[in-house]
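Heads up, work.txt below (compact mmCIF, C-alpha atoms and all ligand atoms):
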# COMPACT_ATOMS: atom_id res chain seq x y z
CA MET A 1 2.35 -22.48 -34.75
CA SER A 2 5.20 -24.08 -32.73
CA ILE A 3 4.56 -25.39 -29.20
CA THR A 4 6.61 -22.47 -27.81
CA SER A 5 4.72 -19.73 -29.64
CA GLU A 6 1.41 -21.42 -28.79
CA ARG A 7 2.40 -21.29 -25.14
CA VAL A 8 3.47 -17.63 -25.38
CA GLN A 9 0.11 -16.81 -26.96
CA ARG A 10 -1.84 -18.70 -24.27
CA VAL A 11 0.10 -17.02 -21.46
CA LYS A 12 -0.71 -13.63 -22.99
CA GLU A 13 -4.41 -14.50 -23.26
CA PHE A 14 -4.53 -15.87 -19.72
CA LYS A 15 -2.96 -12.70 -18.30
CA GLN A 16 -5.53 -10.58 -20.12
CA GLU A 17 -8.38 -12.76 -18.86
CA ILE A 18 -7.16 -12.82 -15.27
CA PHE A 19 -6.75 -9.04 -14.95
CA ARG A 20 -9.40 -7.79 -17.39
CA GLU A 21 -11.57 -6.22 -14.64
CA TYR A 22 -8.74 -4.24 -13.08
CA GLY A 23 -8.81 -1.27 -15.42
CA TYR A 24 -5.94 0.67 -16.90
CA TYR A 25 -3.79 0.32 -13.81
CA TYR A 26 -4.17 -1.19 -10.39
CA TYR A 27 -2.21 -0.60 -7.29
CA VAL A 28 -0.08 -3.18 -5.45
CA PRO A 29 1.88 -2.71 -2.20
CA MET A 30 5.40 -1.52 -3.04
CA ALA A 31 6.92 -4.06 -0.66
CA GLU A 32 5.29 -6.85 -2.71
CA ALA A 33 5.86 -5.52 -6.20
CA TYR A 34 7.50 -8.81 -7.28
CA ALA A 35 4.93 -11.20 -5.81
CA ILE A 36 2.61 -13.26 -8.02
CA GLN A 37 -0.70 -11.43 -8.10
CA VAL A 38 -3.87 -13.42 -7.55
CA PRO A 39 -7.13 -11.55 -8.28
CA VAL A 40 -9.69 -12.15 -5.52
CA THR A 41 -11.47 -8.79 -5.20
CA VAL A 42 -11.91 -5.83 -7.51
CA GLY A 43 -11.96 -2.31 -6.05
CA CYS A 44 -12.16 -1.35 -2.38
CA SER A 45 -15.05 -2.29 -0.09
CA TYR A 46 -14.91 1.18 1.51
CA ASN A 47 -13.93 3.48 -1.36
CA LYS A 48 -14.75 6.76 0.42
CA CYS A 49 -11.37 8.29 1.33
CA LEU A 50 -11.37 11.84 -0.05
CA TYR A 51 -7.91 11.68 -1.58
CA CYS A 52 -8.27 8.27 -3.24
CA LYS A 53 -9.21 7.44 -6.79
CA LEU A 54 -7.08 4.34 -7.04
CA ASN A 55 -9.95 2.09 -7.96
CA GLN A 56 -11.11 4.15 -10.95
CA ASN A 57 -14.81 3.80 -10.18
CA ASN A 58 -14.57 0.02 -10.05
CA LYS A 59 -17.49 -1.15 -7.97
CA PHE A 60 -16.29 -3.45 -5.21
CA ARG A 61 -16.73 -7.10 -6.07
CA GLU A 62 -15.64 -10.32 -4.43
CA LEU A 63 -14.72 -12.96 -6.96
CA SER A 64 -16.40 -16.30 -6.34
CA LEU A 65 -14.27 -19.26 -5.24
CA ASP A 66 -14.83 -20.79 -8.70
CA GLU A 67 -13.52 -17.64 -10.40
CA ILE A 68 -10.52 -17.56 -8.04
CA GLU A 69 -9.76 -21.22 -8.66
CA ASN A 70 -9.96 -20.62 -12.39
CA ASN A 71 -7.49 -17.70 -12.05
CA ILE A 72 -5.10 -19.79 -9.96
CA THR A 73 -5.22 -22.62 -12.53
CA LYS A 74 -4.26 -20.10 -15.22
CA LEU A 75 -1.48 -18.70 -13.02
CA ARG A 76 -0.20 -22.24 -12.52
CA TYR A 77 0.01 -22.61 -16.32
CA ILE A 78 1.79 -19.24 -16.62
CA TYR A 79 4.37 -20.12 -13.96
CA GLU A 80 4.64 -23.84 -14.59
CA GLU A 81 8.19 -23.62 -15.94
CA ARG A 82 9.42 -21.73 -12.87
CA LEU A 83 7.41 -23.27 -10.07
CA ASP A 84 10.44 -23.45 -7.79
CA SER A 85 10.70 -19.67 -7.76
CA ALA A 86 6.96 -19.10 -7.22
CA LYS A 87 7.26 -18.26 -3.53
CA ARG A 88 5.61 -14.89 -2.88
CA PHE A 89 1.93 -14.26 -3.51
CA LEU A 90 -0.23 -11.17 -3.33
CA LEU A 91 -4.02 -11.11 -3.32
CA ALA A 92 -4.96 -8.32 -5.71
CA GLY A 93 -7.53 -5.65 -4.89
CA GLY A 94 -7.96 -2.56 -2.68
CA ASN A 95 -8.44 -4.49 0.57
CA PRO A 96 -8.73 -8.27 0.03
CA PHE A 97 -8.34 -8.92 3.77
CA VAL A 98 -11.99 -7.83 4.05
CA LEU A 99 -12.93 -11.34 2.87
CA SER A 100 -14.25 -13.82 5.41
CA VAL A 101 -11.76 -15.96 7.27
CA ASP A 102 -13.27 -19.06 5.69
CA LYS A 103 -12.82 -17.69 2.18
CA LEU A 104 -9.26 -16.50 2.85
CA LEU A 105 -8.35 -19.96 4.20
CA LYS A 106 -9.81 -21.62 1.10
CA ILE A 107 -7.87 -19.26 -1.17
CA ALA A 108 -4.65 -20.01 0.76
CA ASP A 109 -5.33 -23.71 0.35
CA MET A 110 -5.77 -23.32 -3.44
CA ILE A 111 -2.56 -21.30 -3.75
CA ARG A 112 -0.51 -23.71 -1.68
CA SER A 113 -1.79 -26.81 -3.45
CA ASN A 114 -0.93 -25.31 -6.86
CA PHE A 115 2.30 -23.68 -5.75
CA PRO A 116 4.01 -25.95 -3.22
CA LYS A 117 6.94 -23.54 -2.73
CA CYS A 118 4.63 -20.72 -1.56
CA GLU A 119 6.31 -18.94 1.35
CA TYR A 120 3.69 -16.31 2.11
CA ILE A 121 0.50 -14.64 0.93
CA SER A 122 0.25 -10.88 1.31
CA CYS A 123 -2.48 -8.32 0.59
CA PHE A 124 -3.63 -4.80 1.34
CA SER A 125 -5.80 -4.45 4.41
CA ARG A 126 -7.68 -1.70 6.18
CA ALA A 127 -7.33 -1.69 9.98
CA ASP A 128 -11.02 -2.56 10.39
CA ASP A 129 -10.62 -5.65 8.16
CA ILE A 130 -8.11 -6.90 10.73
CA LEU A 131 -10.15 -5.86 13.78
CA ARG A 132 -13.18 -7.82 12.56
CA LYS A 133 -11.14 -11.01 12.92
CA SER A 134 -10.47 -12.72 16.25
CA PRO A 135 -6.95 -13.46 17.56
CA ASP A 136 -7.57 -17.15 16.78
CA ASP A 137 -8.69 -16.26 13.23
CA LEU A 138 -5.49 -14.31 12.67
CA LYS A 139 -3.37 -17.16 14.01
CA ALA A 140 -5.16 -19.59 11.67
CA LEU A 141 -4.58 -17.22 8.74
CA HIS A 142 -0.92 -16.92 9.63
CA SER A 143 -0.58 -20.71 9.78
CA ALA A 144 -2.24 -20.88 6.34
CA GLY A 145 0.46 -18.60 4.90
CA PHE A 146 -0.82 -15.04 5.39
CA ASP A 147 2.08 -12.75 6.19
CA ARG A 148 3.51 -9.34 5.26
CA LEU A 149 0.13 -7.61 5.13
CA CYS A 150 0.15 -4.01 3.98
CA ILE A 151 -1.92 -1.45 5.89
CA GLY A 152 -2.62 1.98 4.46
CA ILE A 153 -2.58 3.86 7.73
CA GLU A 154 -1.56 7.12 5.96
CA SER A 155 -1.60 9.19 9.16
CA GLY A 156 -1.70 8.82 12.94
CA SER A 157 -3.69 12.01 13.38
CA ASP A 158 -7.39 11.57 14.12
CA GLU A 159 -7.96 15.09 12.83
CA VAL A 160 -6.40 14.24 9.46
CA LEU A 161 -8.02 10.79 9.22
CA SER A 162 -11.41 12.28 9.97
CA PHE A 163 -11.00 15.15 7.50
CA GLN A 164 -9.96 12.71 4.77
CA ASN A 165 -12.95 10.50 5.61
CA LYS A 166 -10.76 7.45 6.25
CA ASN A 167 -13.27 6.10 8.78
CA ILE A 168 -10.41 4.70 10.86
CA THR A 169 -8.96 6.16 14.05
CA PHE A 170 -5.50 6.24 15.63
CA SER A 171 -6.66 3.62 18.17
CA GLN A 172 -8.04 1.32 15.50
CA ASN A 173 -4.81 1.51 13.52
CA LEU A 174 -2.80 0.79 16.65
CA ASP A 175 -5.05 -2.06 17.83
CA SER A 176 -4.95 -3.70 14.40
CA MET A 177 -1.14 -3.61 14.34
CA ARG A 178 -0.96 -5.01 17.87
CA MET A 179 -3.26 -7.86 16.85
CA LEU A 180 -0.97 -8.64 13.93
CA ASP A 181 2.05 -8.56 16.25
CA GLU A 182 0.34 -11.02 18.58
CA SER A 183 -0.42 -13.34 15.67
CA ASN A 184 3.15 -13.08 14.33
CA ILE A 185 1.87 -11.62 11.05
CA LYS A 186 4.41 -9.13 9.73
CA TYR A 187 3.13 -5.92 8.17
CA SER A 188 4.24 -2.84 6.26
CA CYS A 189 2.47 0.52 6.42
CA TYR A 190 1.84 3.33 3.98
CA ILE A 191 2.18 6.88 5.24
CA MET A 192 1.24 9.86 3.11
CA LEU A 193 3.13 13.12 3.33
CA GLY A 194 1.04 16.24 2.86
CA LEU A 195 -2.20 14.46 3.77
CA GLY A 196 -3.04 17.08 6.39
CA GLY A 197 -2.24 19.92 4.02
CA LEU A 198 -0.81 23.14 5.45
CA ASP A 199 -3.27 23.43 8.31
CA MET A 200 -3.00 19.96 9.88
CA SER A 201 0.67 19.28 9.23
CA GLU A 202 1.73 19.45 12.87
CA SER A 203 -1.05 17.12 13.93
CA HIS A 204 -0.17 14.78 11.02
CA ILE A 205 3.50 14.65 12.08
CA ASN A 206 2.85 14.21 15.81
CA GLY A 207 0.10 11.60 15.38
CA THR A 208 2.06 9.60 12.82
CA VAL A 209 5.24 9.57 14.93
CA SER A 210 3.27 8.58 18.03
CA LEU A 211 1.41 5.78 16.21
CA LEU A 212 4.45 4.31 14.51
CA ASN A 213 6.56 4.43 17.67
CA GLN A 214 4.06 2.08 19.29
CA ALA A 215 3.98 -0.34 16.35
CA ASN A 216 6.29 -2.75 14.62
CA PRO A 217 6.09 -2.43 10.81
CA PHE A 218 8.91 -4.14 8.95
CA GLU A 219 8.75 -1.40 6.32
CA LEU A 220 7.24 2.04 5.81
CA THR A 221 6.20 3.00 2.31
CA VAL A 222 6.29 6.78 2.22
CA VAL A 223 4.25 8.48 -0.49
CA THR A 224 3.22 12.09 -1.08
CA LEU A 225 -0.35 13.23 -1.59
CA VAL A 226 -1.29 13.64 -5.23
CA LEU A 227 -4.59 14.91 -6.56
CA PHE A 228 -6.16 12.16 -8.60
CA LYS A 229 -8.55 13.30 -11.27
CA GLY A 230 -12.05 12.88 -9.86
CA ALA A 231 -10.95 12.56 -6.21
CA ALA A 232 -13.38 14.21 -3.77
CA LEU A 233 -10.49 16.12 -2.18
CA ILE A 234 -10.35 18.39 -5.21
CA GLU A 235 -13.70 19.91 -4.20
CA ARG A 236 -12.30 20.64 -0.71
CA LEU A 237 -9.36 22.31 -2.35
CA LYS A 238 -11.60 24.47 -4.52
CA SER A 239 -13.69 25.48 -1.50
CA HIS A 240 -10.48 26.31 0.44
CA GLU A 241 -11.31 23.78 3.15
CA PHE A 242 -8.00 22.10 2.30
CA ARG A 243 -4.78 23.98 1.62
CA ARG A 244 -2.33 21.86 -0.26
CA MET A 245 1.29 21.69 0.78
CA HIS A 246 4.19 22.51 -1.55
CA PRO A 247 6.29 19.41 -2.32
CA ILE A 248 9.28 20.81 -0.46
CA ASP A 249 7.14 21.19 2.69
CA ALA A 250 5.98 17.59 2.27
CA LEU A 251 9.64 16.57 2.07
CA LYS A 252 10.32 18.51 5.29
CA GLU A 253 7.33 16.79 6.89
CA GLY A 254 8.86 13.42 5.98
CA ARG A 255 12.21 14.53 7.36
CA GLU A 256 10.61 15.43 10.68
CA ILE A 257 8.80 12.08 10.96
CA LEU A 258 11.95 10.16 10.04
CA SER A 259 14.03 12.06 12.61
CA ARG A 260 11.64 11.15 15.43
CA LEU A 261 10.99 7.46 14.77
CA GLU A 262 12.36 5.15 17.43
CA ILE A 263 11.56 1.83 15.79
CA ASN A 264 13.58 -0.61 13.68
CA THR A 265 12.17 -0.50 10.19
CA ILE A 266 12.86 0.37 6.57
CA TRP A 267 12.06 3.89 5.38
CA ASP A 268 11.16 3.51 1.71
CA ALA A 269 10.40 6.87 0.13
CA THR A 270 11.29 5.81 -3.42
CA HIS A 271 7.69 6.02 -4.64
CA LYS A 272 7.41 8.28 -7.68
CA THR A 273 5.02 10.67 -5.93
CA ASN A 274 7.86 11.85 -3.67
CA LEU A 275 9.92 14.88 -4.58
CA PHE A 276 13.12 13.09 -3.61
CA PRO A 277 13.42 9.27 -3.67
CA ILE A 278 15.32 7.79 -0.74
CA LYS A 279 15.43 4.48 1.11
CA GLY A 280 17.31 3.06 4.08
CA LYS A 281 17.10 1.21 7.37
CA ILE A 282 16.42 2.98 10.60
CA PRO A 283 18.04 3.49 12.98
CA GLU A 284 21.22 2.36 11.13
CA HIS A 285 21.01 4.75 8.17
CA ARG A 286 19.00 7.55 9.76
CA VAL A 287 21.87 10.06 10.00
CA LYS A 288 22.81 9.51 6.34
CA LEU A 289 19.19 9.70 5.18
CA LEU A 290 18.61 12.94 7.06
CA LYS A 291 21.83 14.42 5.69
CA ARG A 292 20.79 13.55 2.09
CA ILE A 293 17.38 15.11 2.64
CA ASP A 294 18.93 18.22 4.19
CA ASP A 295 21.30 18.54 1.22
CA VAL A 296 18.40 18.28 -1.23
CA ILE A 297 16.35 20.82 0.70
CA ALA A 298 19.35 23.20 0.67
CA GLU A 299 19.78 22.63 -3.09
CA ILE A 300 16.13 23.35 -3.76
CA GLU A 301 16.08 26.40 -1.55
CA SER A 302 19.18 27.78 -3.21
CA GLY A 303 17.47 27.26 -6.57
CA ASP A 304 19.95 24.64 -7.78
CA LEU A 305 17.59 21.68 -8.07
CA LYS A 306 17.24 20.42 -11.60
CA GLN A 307 13.95 21.79 -12.84
CA TYR A 308 12.77 18.44 -14.15
CA GLU A 309 12.40 17.18 -10.59
CA LEU A 310 9.85 19.87 -9.83
CA LYS A 311 8.19 19.43 -13.22
CA ARG A 312 7.94 15.68 -12.63
CA TRP A 313 6.15 16.31 -9.37
CA SER A 314 3.84 19.01 -10.68
CA LYS A 315 2.74 16.63 -13.45
CA TRP A 316 1.81 14.05 -10.81
CA GLY A 317 0.03 16.76 -8.89
CA THR A 318 -2.63 17.00 -11.55
CA GLU A 319 -3.07 13.29 -12.38
S1 LIG B 401 -7.32 4.76 0.32
FE1 LIG B 401 -7.56 2.55 0.58
S2 LIG B 401 -9.30 2.36 2.00
FE2 LIG B 401 -9.39 4.44 1.18
S3 LIG B 401 -10.76 4.30 -0.59
FE3 LIG B 401 -8.65 4.06 -1.37
S4 LIG B 401 -8.30 1.83 -1.43
FE4 LIG B 401 -10.10 2.20 -0.10
Could you take the file, read its structure, and then write that structure out as structure tokens?
Amino acid sequence: MSITSERVQRVKEFKQEIFREYGYYYYVPMAEAYAIQVPVTVGCSYNKCLYCKLNQNNKFRELSLDEIENNITKLRYIYEERLDSAKRFLLAGGNPFVLSVDKLLKIADMIRSNFPKCEYISCFSRADDILRKSPDDLKALHSAGFDRLCIGIESGSDEVLSFQNKNITFSQNLDSMRMLDESNIKYSCYIMLGLGGLDMSESHINGTVSLLNQANPFELTVVTLVLFKGAALIERLKSHEFRRMHPIDALKEGREILSRLEINTIWDATHKTNLFPIKGKIPEHRVKLLKRIDDVIAEIESGDLKQYELKRWSKWGTE
């Protein structure tokens, strides 16, 4: 075997070893899709949101510092021929920011000593993972490289958050984002169209607009509720406690939120769960974005939308 094919084979084996616990798929923040992923936790420490089955029954586990160091050494081998471009890092897992400050600082140290061009380290976080840390902790984490965190706020409505068993409130989401602002840690947010179903849509829109207009996310990742196989929400659907929204109504919900946002951010609704993918800056592109959405809604309502778009969505709806 030549040196090149030996290296290709080793890289393949290392990748399999590093991610072997993560199951068939694992979810990364859309804003960090191109970052180098560093496994530090498996699953989500909370894992009780009704709509979520992202972690495929993976029991939450923190990797030990030895395991993390071993992964980073393998990543260093994988990226050794392009170290200069190894700048963006993502801690993999449902909410790695749950880790202790001490552990996060040690992980940052390992990443930076192996990858000297590291510009930032991102990860998913729940609001309560942030609130458990002090302002000084957050400043220390920012100095160590933590930036561009991704918070799955999903909704600003306490009614919706409570129904979906998120165990986070409007105030907690807002306080966590303010703490990040004060520590100069940038953040993106996920919001989920249709999360309140038909009955809580107004509350979902009003709460989400109100929350986001008091925050400062550099990007919003807009997704639409899908029913994951095995998600607890399916039982609520069967018992009629939750009435699911048609995709076109979810699109209208997104339109309404977009039209009322007063912040400078990026609206990224290109996620494949959305009926219509669209992305742009607000306020600069808001008028164009709204016009495109209105055109699509008119096309759908006049029956002209290509059927595959609706089929694509309905397939997702039963994943
Ligand atoms: S939505 Fe996020 S916080 Fe809720 S269970 Fe899933 S990974 Fe955990």
For segment 46-52 of chain A: contacts at 7 Å, all atoms listed in the file, fewer than 3 positions along chain excluded, given as a compact mmCIF listing (two decimals) with C-alpha atoms, in the frame of the given file:
# COMPACT_ATOMS: atom_id res chain seq x y z
CA GLN A 164 -9.96 12.71 4.77
CA ASN A 165 -12.95 10.50 5.61
CA LYS A 166 -10.76 7.45 6.25
CA LEU A 227 -4.59 14.91 -6.56
CA PHE A 228 -6.16 12.16 -8.60
CA ALA A 231 -10.95 12.56 -6.21
CA ALA A 232 -13.38 14.21 -3.77
CA LEU A 233 -10.49 16.12 -2.18
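One distance worth recording is that between atom CA of Lys133 of chain A and atom CA of Cys189 of chain A, which is 19.0 Å.
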Cut-off 8 Å around (3.6, -11.6, 10.2) with all atoms listed in the file: residues as a CSV table (one decimal) with C-alpha atoms, keeping the file's coordinate frame:
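And here is the file that came out, point-v7.csv:
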chain,number,residue,atom,x,y,z
A,142,HIS,CA,-0.9,-16.9,9.6
A,146,PHE,CA,-0.8,-15.0,5.4
A,147,ASP,CA,2.1,-12.8,6.2
A,148,ARG,CA,3.5,-9.3,5.3
A,149,LEU,CA,0.1,-7.6,5.1
A,180,LEU,CA,-1.0,-8.6,13.9
A,181,ASP,CA,2.0,-8.6,16.2
A,183,SER,CA,-0.4,-13.3,15.7
A,184,ASN,CA,3.2,-13.1,14.3
A,185,ILE,CA,1.9,-11.6,11.0
A,186,LYS,CA,4.4,-9.1,9.7
A,187,TYR,CA,3.1,-5.9,8.2
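Compared by their closest atoms to Met200 of chain A, and using all atoms listed in the file, the residues A:Ser2, A:Ser162, A:Asn114, A:Ser122 rank with A:Ser162 nearest.
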How big is the axis-aligned box around the listed atoms of ligand LIG 401 (chain B) once 6 Å is added on each side, and where is its centre? Give both in Å to one decimal, as lines of an AutoDock Vina configuration file.
center_x = -9.0
center_y = 3.3
center_z = 0.3
size_x = 15.4
size_y = 14.9
size_z = 15.4
Glu32 of chain A environment, 9 Å, only C-alpha atoms, sequence neighbours closer than 5 positions dropped, as a ChimeraX atom specification
/A:88-90,122-123,148,150
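Between atom CA of Phe19 of chain A and atom S2 of ligand LIG 401 (chain B) there is a distance of 20.6 Å.
You can rank A:Glu154, A:Asp109, A:Glu6, A:Glu235 by their closest distance to ligand LIG 401 (chain B) using all atoms listed in the file, and at the top of that list sits A:Glu154.
Distance annotation: of A:Asp158, A:Ser239, A:Met177, A:Ala250, the residue with the minimal separation from Asn206 of chain A is A:Asp158; atom set is only C-alpha atoms.
The residue that comes closest to ligand LIG 401 (chain B), out of A:Ala127, A:Leu75, A:Ile266, A:Leu91 and on the basis of only C-alpha atoms and all ligand atoms, is A:Ala127.
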Who sits within 10 Å of Ala269 of chain A, all atoms listed in the file, same chain under 3 positions skipped, as a CSV table (one decimal) with C-alpha atoms, in the frame of the given file:
chain,number,residue,atom,x,y,z
A,191,ILE,CA,2.2,6.9,5.2
A,220,LEU,CA,7.2,2.0,5.8
A,221,THR,CA,6.2,3.0,2.3
A,222,VAL,CA,6.3,6.8,2.2
A,223,VAL,CA,4.2,8.5,-0.5
A,224,THR,CA,3.2,12.1,-1.1
A,251,LEU,CA,9.6,16.6,2.1
A,254,GLY,CA,8.9,13.4,6.0
A,266,ILE,CA,12.9,0.4,6.6
A,272,LYS,CA,7.4,8.3,-7.7
A,273,THR,CA,5.0,10.7,-5.9
A,274,ASN,CA,7.9,11.8,-3.7
A,275,LEU,CA,9.9,14.9,-4.6
A,276,PHE,CA,13.1,13.1,-3.6
A,277,PRO,CA,13.4,9.3,-3.7
A,278,ILE,CA,15.3,7.8,-0.7
A,279,LYS,CA,15.4,4.5,1.1
A,280,GLY,CA,17.3,3.1,4.1
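Interatomic distance, atom CA of Ile130 of chain A against atom CA of Asn58 of chain A: 22.8 Å.
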Mind listing whatever residues come within 9 Å of the point (9.4, 2.5, 22.4)? Use only C-alpha atoms, file coordinates, and give them as an mmCIF file with C-alpha atoms, in the coordinates of the input.
data_model
loop_
_atom_site.group_PDB
_atom_site.id
_atom_site.type_symbol
_atom_site.label_atom_id
_atom_site.label_comp_id
_atom_site.auth_asym_id
_atom_site.auth_seq_id
_atom_site.Cartn_x
_atom_site.Cartn_y
_atom_site.Cartn_z
ATOM 1 C CA ASN A 213 6.560 4.430 17.670
ATOM 2 C CA GLN A 214 4.060 2.080 19.290
ATOM 3 C CA ALA A 215 3.980 -0.340 16.350
ATOM 4 C CA GLU A 262 12.360 5.150 17.430
ATOM 5 C CA ILE A 263 11.560 1.830 15.790
#
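The closest residue to ligand LIG 401 (chain B), picked from A:Asp128, A:Glu81, A:Glu69, A:Glu17 and counting all atoms listed in the file, is A:Asp128.
Closest to Thr41 of chain A among A:Leu193, A:Ala92, A:Asn70, A:Glu21 is A:Ala92, based on all atoms listed in the file.
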Segment 8-16 of chain A: which residues within 9 Å, counting all atoms listed in the file, same-chain residues fewer than 5 positions away excluded, as a ChimeraX atom specification?
/A:3,71,74-75,77-78
Which residues, written as a PyMOL selection string, have at least one atom at most 7 Å from Ile151 of chain A, with all atoms listed in the file counted and residues fewer than 6 positions away on the same chain left out?
chain A and resi 124-127+188-190
Could segment 197-215 of chain A be completed with N, CA and C atoms and written as a compact mmCIF listing (two decimals), keeping the file's coordinate frame, please?
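Result saved to selection-v7.txt:
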# COMPACT_ATOMS: atom_id res chain seq x y z
N GLY A 197 -2.36 18.60 4.64
CA GLY A 197 -2.24 19.92 4.02
C GLY A 197 -1.46 20.86 4.92
N LEU A 198 -1.57 22.16 4.66
CA LEU A 198 -0.81 23.14 5.45
C LEU A 198 -1.35 23.26 6.87
N ASP A 199 -2.68 23.11 7.02
CA ASP A 199 -3.27 23.43 8.31
C ASP A 199 -3.15 22.32 9.35
N MET A 200 -3.04 21.07 8.91
CA MET A 200 -3.00 19.96 9.88
C MET A 200 -1.62 19.27 9.89
N SER A 201 -0.63 19.93 9.36
CA SER A 201 0.67 19.28 9.23
C SER A 201 1.26 18.87 10.58
N GLU A 202 1.15 19.75 11.56
CA GLU A 202 1.73 19.45 12.87
C GLU A 202 1.04 18.24 13.50
N SER A 203 -0.27 18.24 13.39
CA SER A 203 -1.05 17.12 13.93
C SER A 203 -0.70 15.82 13.18
N HIS A 204 -0.52 15.94 11.86
CA HIS A 204 -0.17 14.78 11.02
C HIS A 204 1.19 14.21 11.47
N ILE A 205 2.15 15.09 11.67
CA ILE A 205 3.50 14.65 12.08
C ILE A 205 3.43 14.00 13.46
N ASN A 206 2.84 14.71 14.43
CA ASN A 206 2.85 14.21 15.81
C ASN A 206 2.09 12.89 15.93
N GLY A 207 0.92 12.82 15.30
CA GLY A 207 0.10 11.60 15.38
C GLY A 207 0.80 10.43 14.71
N THR A 208 1.41 10.69 13.57
CA THR A 208 2.06 9.60 12.82
C THR A 208 3.28 9.07 13.58
N VAL A 209 4.07 9.99 14.14
CA VAL A 209 5.24 9.57 14.93
C VAL A 209 4.76 8.76 16.13
N SER A 210 3.76 9.26 16.82
CA SER A 210 3.27 8.58 18.03
C SER A 210 2.73 7.18 17.68
N LEU A 211 1.97 7.08 16.61
CA LEU A 211 1.41 5.78 16.21
C LEU A 211 2.52 4.79 15.85
N LEU A 212 3.42 5.24 14.99
CA LEU A 212 4.45 4.31 14.51
C LEU A 212 5.41 3.89 15.62
N ASN A 213 5.65 4.79 16.58
CA ASN A 213 6.56 4.43 17.67
C ASN A 213 5.96 3.40 18.63
N GLN A 214 4.68 3.12 18.46
CA GLN A 214 4.06 2.08 19.29
C GLN A 214 3.80 0.81 18.47
N ALA A 215 4.26 0.80 17.23
CA ALA A 215 3.98 -0.34 16.35
C ALA A 215 5.28 -0.99 15.89
